[in-house]
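See below for work_20.csv, which holds CSV, C-alpha atoms and all ligand atoms.
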```csv
chain,number,residue,atom,x,y,z
A,12,MET,CA,36.7,-58.0,-44.2
A,13,GLY,CA,34.7,-61.2,-43.9
A,14,LEU,CA,31.0,-61.7,-44.3
A,15,ARG,CA,28.7,-58.7,-44.2
A,16,VAL,CA,25.8,-59.6,-41.9
A,17,ALA,CA,22.4,-57.8,-41.5
A,18,VAL,CA,20.6,-58.6,-38.2
A,19,PHE,CA,16.8,-58.5,-38.2
A,20,ALA,CA,15.4,-58.2,-34.7
A,21,SER,CA,12.2,-57.0,-33.0
A,22,GLY,CA,12.9,-57.3,-29.2
A,23,GLY,CA,15.4,-56.6,-26.5
A,24,GLY,CA,18.3,-57.4,-28.8
A,25,SER,CA,20.7,-59.4,-26.5
A,26,ASN,CA,21.5,-61.7,-29.4
A,27,PHE,CA,22.1,-58.7,-31.6
A,28,GLN,CA,24.6,-57.4,-29.1
A,29,ALA,CA,26.3,-60.8,-28.8
A,30,LEU,CA,26.6,-61.0,-32.6
A,31,VAL,CA,28.2,-57.6,-32.8
A,32,GLU,CA,30.6,-58.1,-29.8
A,33,ARG,CA,31.7,-61.6,-30.7
A,34,ALA,CA,32.2,-61.0,-34.4
A,35,ARG,CA,35.6,-62.0,-35.7
A,36,GLN,CA,35.3,-63.3,-39.3
A,37,TYR,CA,32.1,-61.4,-40.1
A,38,ARG,CA,30.9,-57.9,-39.5
A,39,VAL,CA,27.4,-56.8,-38.4
A,40,VAL,CA,26.8,-54.0,-40.9
A,41,LEU,CA,23.2,-53.0,-40.1
A,42,LEU,CA,20.1,-53.8,-38.0
A,43,VAL,CA,16.6,-54.1,-39.5
A,44,CYS,CA,13.9,-53.7,-36.9
A,45,ASN,CA,10.1,-53.8,-37.4
A,46,ARG,CA,9.1,-52.2,-34.0
A,47,PRO,CA,9.9,-48.5,-33.4
A,48,GLN,CA,9.9,-49.1,-29.6
A,49,ALA,CA,12.2,-52.2,-29.6
A,50,GLY,CA,15.0,-52.2,-27.1
A,51,VAL,CA,17.4,-53.5,-29.7
A,52,LEU,CA,17.4,-50.0,-31.3
A,53,ASP,CA,19.1,-48.5,-28.2
A,54,ARG,CA,21.7,-51.2,-28.3
A,55,ALA,CA,22.4,-50.5,-32.0
A,56,GLU,CA,22.9,-46.8,-31.2
A,57,LYS,CA,25.3,-47.6,-28.4
A,58,LEU,CA,27.2,-50.1,-30.5
A,59,ASP,CA,27.3,-47.6,-33.4
A,60,ILE,CA,25.5,-50.0,-35.9
A,61,PRO,CA,23.1,-48.2,-38.3
A,62,SER,CA,19.5,-49.3,-37.7
A,63,HIS,CA,16.6,-49.2,-40.1
A,64,ILE,CA,13.0,-49.3,-38.9
A,65,LEU,CA,11.1,-51.1,-41.7
A,66,SER,CA,7.7,-52.8,-41.7
A,67,PRO,CA,4.8,-53.3,-44.1
A,68,ARG,CA,2.8,-51.0,-41.8
A,69,ILE,CA,5.3,-48.1,-42.3
A,70,PHE,CA,5.4,-48.6,-46.0
A,71,GLY,CA,1.6,-49.1,-46.5
A,72,SER,CA,2.1,-52.3,-48.5
A,73,GLU,CA,4.0,-55.5,-48.3
A,74,THR,CA,5.3,-55.0,-51.8
A,75,SER,CA,6.9,-51.7,-51.2
A,76,TYR,CA,8.3,-52.9,-47.8
A,77,VAL,CA,9.9,-55.9,-49.5
A,78,ASP,CA,11.3,-53.6,-52.2
A,79,ALA,CA,12.8,-51.3,-49.6
A,80,VAL,CA,14.4,-54.2,-47.6
A,81,LEU,CA,15.9,-55.8,-50.7
A,82,ASP,CA,17.2,-52.4,-51.9
A,83,LEU,CA,18.9,-51.9,-48.6
A,84,LEU,CA,20.4,-55.4,-48.4
A,85,HIS,CA,21.8,-55.1,-52.0
A,86,LYS,CA,23.1,-51.6,-51.5
A,87,GLU,CA,25.0,-52.7,-48.4
A,88,ASN,CA,26.3,-55.9,-50.1
A,89,ILE,CA,24.8,-58.1,-47.4
A,90,ASP,CA,26.0,-61.7,-47.6
A,91,LEU,CA,24.0,-63.2,-44.7
A,92,ILE,CA,20.8,-62.3,-42.7
A,93,ALA,CA,20.7,-63.3,-39.0
A,94,LEU,CA,17.2,-63.3,-37.5
A,95,ALA,CA,17.7,-62.6,-33.8
A,96,GLY,CA,14.2,-62.5,-32.3
A,97,TYR,CA,12.5,-61.2,-35.4
A,98,LEU,CA,8.8,-61.5,-34.7
A,99,SER,CA,7.5,-61.6,-38.3
A,100,LYS,CA,7.6,-64.1,-41.1
A,101,VAL,CA,10.3,-63.2,-43.6
A,102,PRO,CA,8.5,-62.6,-47.0
A,103,SER,CA,9.2,-65.2,-49.6
A,104,ARG,CA,10.7,-62.8,-52.0
A,105,ILE,CA,13.5,-62.1,-49.4
A,106,ILE,CA,13.9,-65.8,-48.7
A,107,GLY,CA,14.2,-66.4,-52.5
A,108,ALA,CA,16.8,-63.6,-52.9
A,109,PHE,CA,18.9,-65.0,-50.0
A,110,GLN,CA,18.5,-68.7,-50.5
A,111,GLY,CA,20.6,-70.6,-47.9
A,112,ARG,CA,21.8,-67.3,-46.5
A,113,ILE,CA,19.3,-66.6,-43.8
A,114,LEU,CA,19.8,-68.0,-40.3
A,115,ASN,CA,17.4,-68.0,-37.3
A,116,ILE,CA,18.0,-68.7,-33.6
A,117,HIS,CA,15.3,-70.5,-31.7
A,118,PRO,CA,15.3,-71.0,-27.9
A,119,ALA,CA,14.7,-74.8,-27.9
A,120,LEU,CA,15.9,-78.0,-29.4
A,121,LEU,CA,14.2,-78.1,-32.8
A,122,PRO,CA,12.2,-79.8,-34.2
A,123,ARG,CA,10.6,-79.9,-30.8
A,124,PHE,CA,8.9,-76.8,-29.4
A,125,GLY,CA,9.0,-75.0,-32.7
A,126,GLY,CA,6.5,-73.8,-35.3
A,127,LYS,CA,3.9,-71.0,-35.5
A,128,GLY,CA,3.1,-69.6,-32.0
A,129,PHE,CA,6.3,-71.0,-30.4
A,130,TYR,CA,8.2,-67.8,-29.5
A,131,GLY,CA,9.3,-66.1,-26.3
A,132,SER,CA,8.2,-67.4,-23.0
A,133,ARG,CA,5.7,-69.7,-24.7
A,134,VAL,CA,8.5,-72.0,-25.8
A,135,HIS,CA,9.9,-72.3,-22.2
A,136,LYS,CA,6.5,-72.8,-20.7
A,137,ALA,CA,5.8,-75.6,-23.1
A,138,VAL,CA,9.1,-77.3,-22.3
A,139,LEU,CA,8.4,-77.1,-18.5
A,140,GLU,CA,4.8,-78.4,-19.0
A,141,ALA,CA,6.2,-81.3,-21.0
A,142,LYS,CA,8.5,-82.1,-18.0
A,143,GLU,CA,11.6,-82.1,-20.2
A,144,THR,CA,14.9,-82.6,-18.5
A,145,SER,CA,16.8,-80.7,-21.1
A,146,SER,CA,16.2,-77.9,-23.5
A,147,GLY,CA,18.6,-75.7,-25.5
A,148,ALA,CA,19.1,-73.5,-28.5
A,149,THR,CA,19.1,-74.1,-32.3
A,150,VAL,CA,20.6,-72.2,-35.1
A,151,HIS,CA,18.9,-73.1,-38.4
A,152,PHE,CA,18.6,-72.0,-42.0
A,153,VAL,CA,15.3,-70.3,-42.8
A,154,ASP,CA,12.9,-71.7,-45.3
A,155,GLU,CA,9.3,-70.7,-46.1
A,156,GLU,CA,7.8,-72.3,-42.9
A,157,TYR,CA,8.3,-71.5,-39.2
A,158,ASP,CA,11.4,-73.2,-37.7
A,159,THR,CA,11.6,-76.1,-40.2
A,160,GLY,CA,14.8,-75.2,-42.1
A,161,PRO,CA,18.0,-77.3,-42.0
A,162,ILE,CA,19.6,-77.2,-38.6
A,163,LEU,CA,23.2,-75.9,-38.4
A,164,LEU,CA,24.0,-76.0,-34.7
A,165,GLN,CA,22.3,-77.0,-31.4
A,166,LYS,CA,23.4,-76.9,-27.8
A,167,LYS,CA,21.6,-78.4,-24.9
A,168,VAL,CA,21.0,-77.0,-21.4
A,169,PRO,CA,19.6,-78.8,-18.4
A,170,VAL,CA,16.1,-78.1,-17.2
A,171,HIS,CA,16.1,-77.9,-13.4
A,172,ALA,CA,13.2,-79.1,-11.2
A,173,ASP,CA,12.6,-75.6,-9.8
A,174,ASP,CA,12.9,-73.7,-13.1
A,175,THR,CA,10.4,-71.1,-14.1
A,176,SER,CA,10.1,-70.0,-17.7
A,177,ASP,CA,12.2,-67.0,-16.8
A,178,SER,CA,15.1,-69.0,-15.2
A,179,LEU,CA,15.0,-71.4,-18.1
A,180,ALA,CA,14.9,-68.6,-20.7
A,181,ALA,CA,18.0,-67.0,-19.1
A,182,ARG,CA,20.0,-70.2,-19.2
A,183,VAL,CA,19.0,-70.8,-22.8
A,184,LEU,CA,19.8,-67.2,-23.7
A,185,SER,CA,23.3,-67.3,-22.4
A,186,VAL,CA,23.9,-70.4,-24.7
A,187,GLU,CA,22.3,-68.5,-27.6
A,188,HIS,CA,24.8,-65.7,-27.2
A,189,GLN,CA,27.7,-68.2,-27.9
A,190,LEU,CA,26.0,-70.4,-30.5
A,191,PHE,CA,24.8,-67.7,-32.9
A,192,PRO,CA,28.2,-66.1,-33.5
A,193,GLU,CA,29.8,-69.6,-33.6
A,194,ALA,CA,27.4,-70.6,-36.4
A,195,ILE,CA,28.2,-67.5,-38.5
A,196,HIS,CA,31.9,-68.1,-38.0
A,197,LEU,CA,31.5,-71.6,-39.4
A,198,ILE,CA,29.8,-70.1,-42.5
A,199,ALA,CA,32.5,-67.3,-42.7
A,200,GLN,CA,35.2,-70.0,-42.7
A,201,GLY,CA,33.4,-71.8,-45.6
A,202,ARG,CA,32.9,-74.9,-43.5
A,203,VAL,CA,29.1,-75.3,-44.0
A,204,ARG,CA,27.5,-77.2,-46.9
A,205,ILE,CA,23.8,-77.9,-47.4
A,206,GLN,CA,22.7,-80.8,-49.5
A,207,ASN,CA,19.2,-82.2,-49.7
A,208,ARG,CA,18.3,-80.1,-46.7
A,209,ARG,CA,21.0,-81.6,-44.6
A,210,VAL,CA,23.9,-79.6,-43.2
A,211,THR,CA,27.4,-80.8,-43.2
A,212,ILE,CA,30.1,-79.0,-41.2
A,213,ILE,CA,33.6,-79.5,-42.7
A,214,PRO,CA,36.1,-80.2,-39.9
A,215,HIS,CA,38.6,-77.5,-39.1
A,216,THR,CA,42.0,-77.8,-40.8
A,217,ASP,CA,44.9,-75.4,-40.7
A,218,ASP,CA,44.0,-74.2,-44.2
A,219,HIS,CA,40.9,-72.6,-42.9
A,301,LIG,C1,15.8,-65.4,-28.3
A,301,LIG,O1,15.4,-66.2,-27.2
A,301,LIG,C2,15.7,-66.1,-29.6
A,301,LIG,O2,16.0,-67.4,-29.5
A,301,LIG,C3,14.4,-65.9,-30.1
A,301,LIG,O3,14.0,-64.6,-29.6
A,301,LIG,C4,14.7,-64.3,-28.5
A,301,LIG,C5,15.4,-62.9,-28.7
A,301,LIG,O4,16.0,-62.4,-27.6
A,301,LIG,N1,14.2,-66.1,-31.5
A,301,LIG,P1,16.9,-61.1,-27.7
A,301,LIG,O5,16.0,-60.0,-28.3
A,301,LIG,O6,18.0,-61.4,-28.6
A,301,LIG,O7,17.3,-60.8,-26.3
```

Could you take the file, read its structure, and then write that structure out as structure tokens?
Ligand code: GRF
Amino acid sequence: MGLRVAVFASGGGSNFQALVERARQYRVVLLVCNRPQAGVLDRAEKLDIPSHILSPRIFGSETSYVDAVLDLLHKENIDLIALAGYLSKVPSRIIGAFQGRILNIHPALLPRFGGKGFYGSRVHKAVLEAKETSSGATVHFVDEEYDTGPILLQKKVPVHADDTSDSLAARVLSVEHQLFPEAIHLIAQGRVRIQNRRVTIIPHTDDH
């Protein structure tokens, strides 16, 4: 029942786990991972979600890698792709096949502190260096560039005077774990429209 979601992840996978555990109107059907040593693979095994290690390096060419990913996504009737710490650019053929159906989570308030090179602790270090008093998390649709697609949801967190990049990352991460499932629930409820690259969220009614 509900949307069939594929999660793409490369790292520790705490967002992957949150997406699996908090799913109500969608189901995480599979994990695509591009790093054989990634911690997210252990989480997938424990949560009993099938994982697929796929990367251009494993396939020897970008073309056959993209063919394999698209075959898998179509075979599994995937409705939506959730990028949860996926440290590679999604090839444009996949973006084209899943127009408006790929979401990413970013650990800052986009459009600030986003773009190529802004990932992991680099984001939080940049926020601290800029002496920001707040940061947060953003869920956005994925387009051909890094972190520029239409924003679906954002949530702020305070930055404390004594924060390190680790303490800030932990505070942002706990918000991410709520925000990403919430964003997918909005889509599953049919409450999200994108027009001219702007997202509208249709208010909740009893019919939904
Ligand atoms: C998160 O901070 C997410 O915003 C970013 O990558 C990190 C992934 O963390 N895109 P995890 O692997 O889900 O724990």

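Across the structure, CA of Gln48 in chain A and CA of Phe109 in chain A are spaced 27.4 Å apart.
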
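Those residues that approach range 87-104 of chain A to within 8 Å, counting all atoms listed in the file, are A:Leu14, A:Arg15, A:Val16, A:Ala17, A:Val18, A:Phe19, A:Ala20, A:Ser21, A:Gly22, A:Gly24, A:Asn26, A:Phe27, A:Val40, A:Cys44, A:Val77, A:Arg112, A:Ile113, A:Leu114, A:Asn115, A:Ile116, A:Glu155, A:Tyr157; same-chain residues fewer than 6 positions away are not listed.
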
Report task. Kindly compile the residues surrounding ligand LIG 301 (chain A) within 10 Å, counting all atoms listed in the file, and format them as a PyMOL selection string. Result -> chain A and resi 20-30+49-51+94-98+115-119+129-132+134-135+147-150+158+180-181+183-188+191

Requested in this report: Please identify all polymer residues within 8 Å of Gln36 in chain A, counting all atoms listed in the file, omitting same-chain residues fewer than 4 positions from it, and present them as an NGL selection string.
Outcome: :A and (12-14 or 196 or 199-200)

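The space between CA of Ile195 in chain A and CA of Ile212 in chain A spans 12.0 Å.
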
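Here CA of Leu197 in chain A stands at a distance of 16.6 Å from CA of Val153 in chain A.
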
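Minimum atom-to-atom distances from A:Ser66, A:Ser178, A:Ser75, A:Gln110 to Ile205 in chain A were compared using all atoms listed in the file, and the lowest value belongs to A:Gln110.
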
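Nearest residue to Glu73 in chain A among A:Glu156, A:Ala194, A:Ile105, A:Leu58 is A:Ile105, counting all atoms listed in the file.
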
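Proximity to Arg123 in chain A was assessed for A:Leu65, A:Ala141, A:Ala55, A:Ile106 counting all atoms listed in the file; the smallest distance is recorded for A:Ala141.
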
**Report entry** Shell of 8 Å around Pro161 in chain A, only C-alpha atoms, local chain residues under 5 positions omitted, as a PyMOL selection string
**Finding:** chain A and resi 151-153+205+208-210

Query raised in the report: From the list A:Ser146, A:Ala108, A:Leu42, A:Glu193, which residue is nearest Phe124 in chain A when using only C-alpha atoms?
Result: A:Ser146
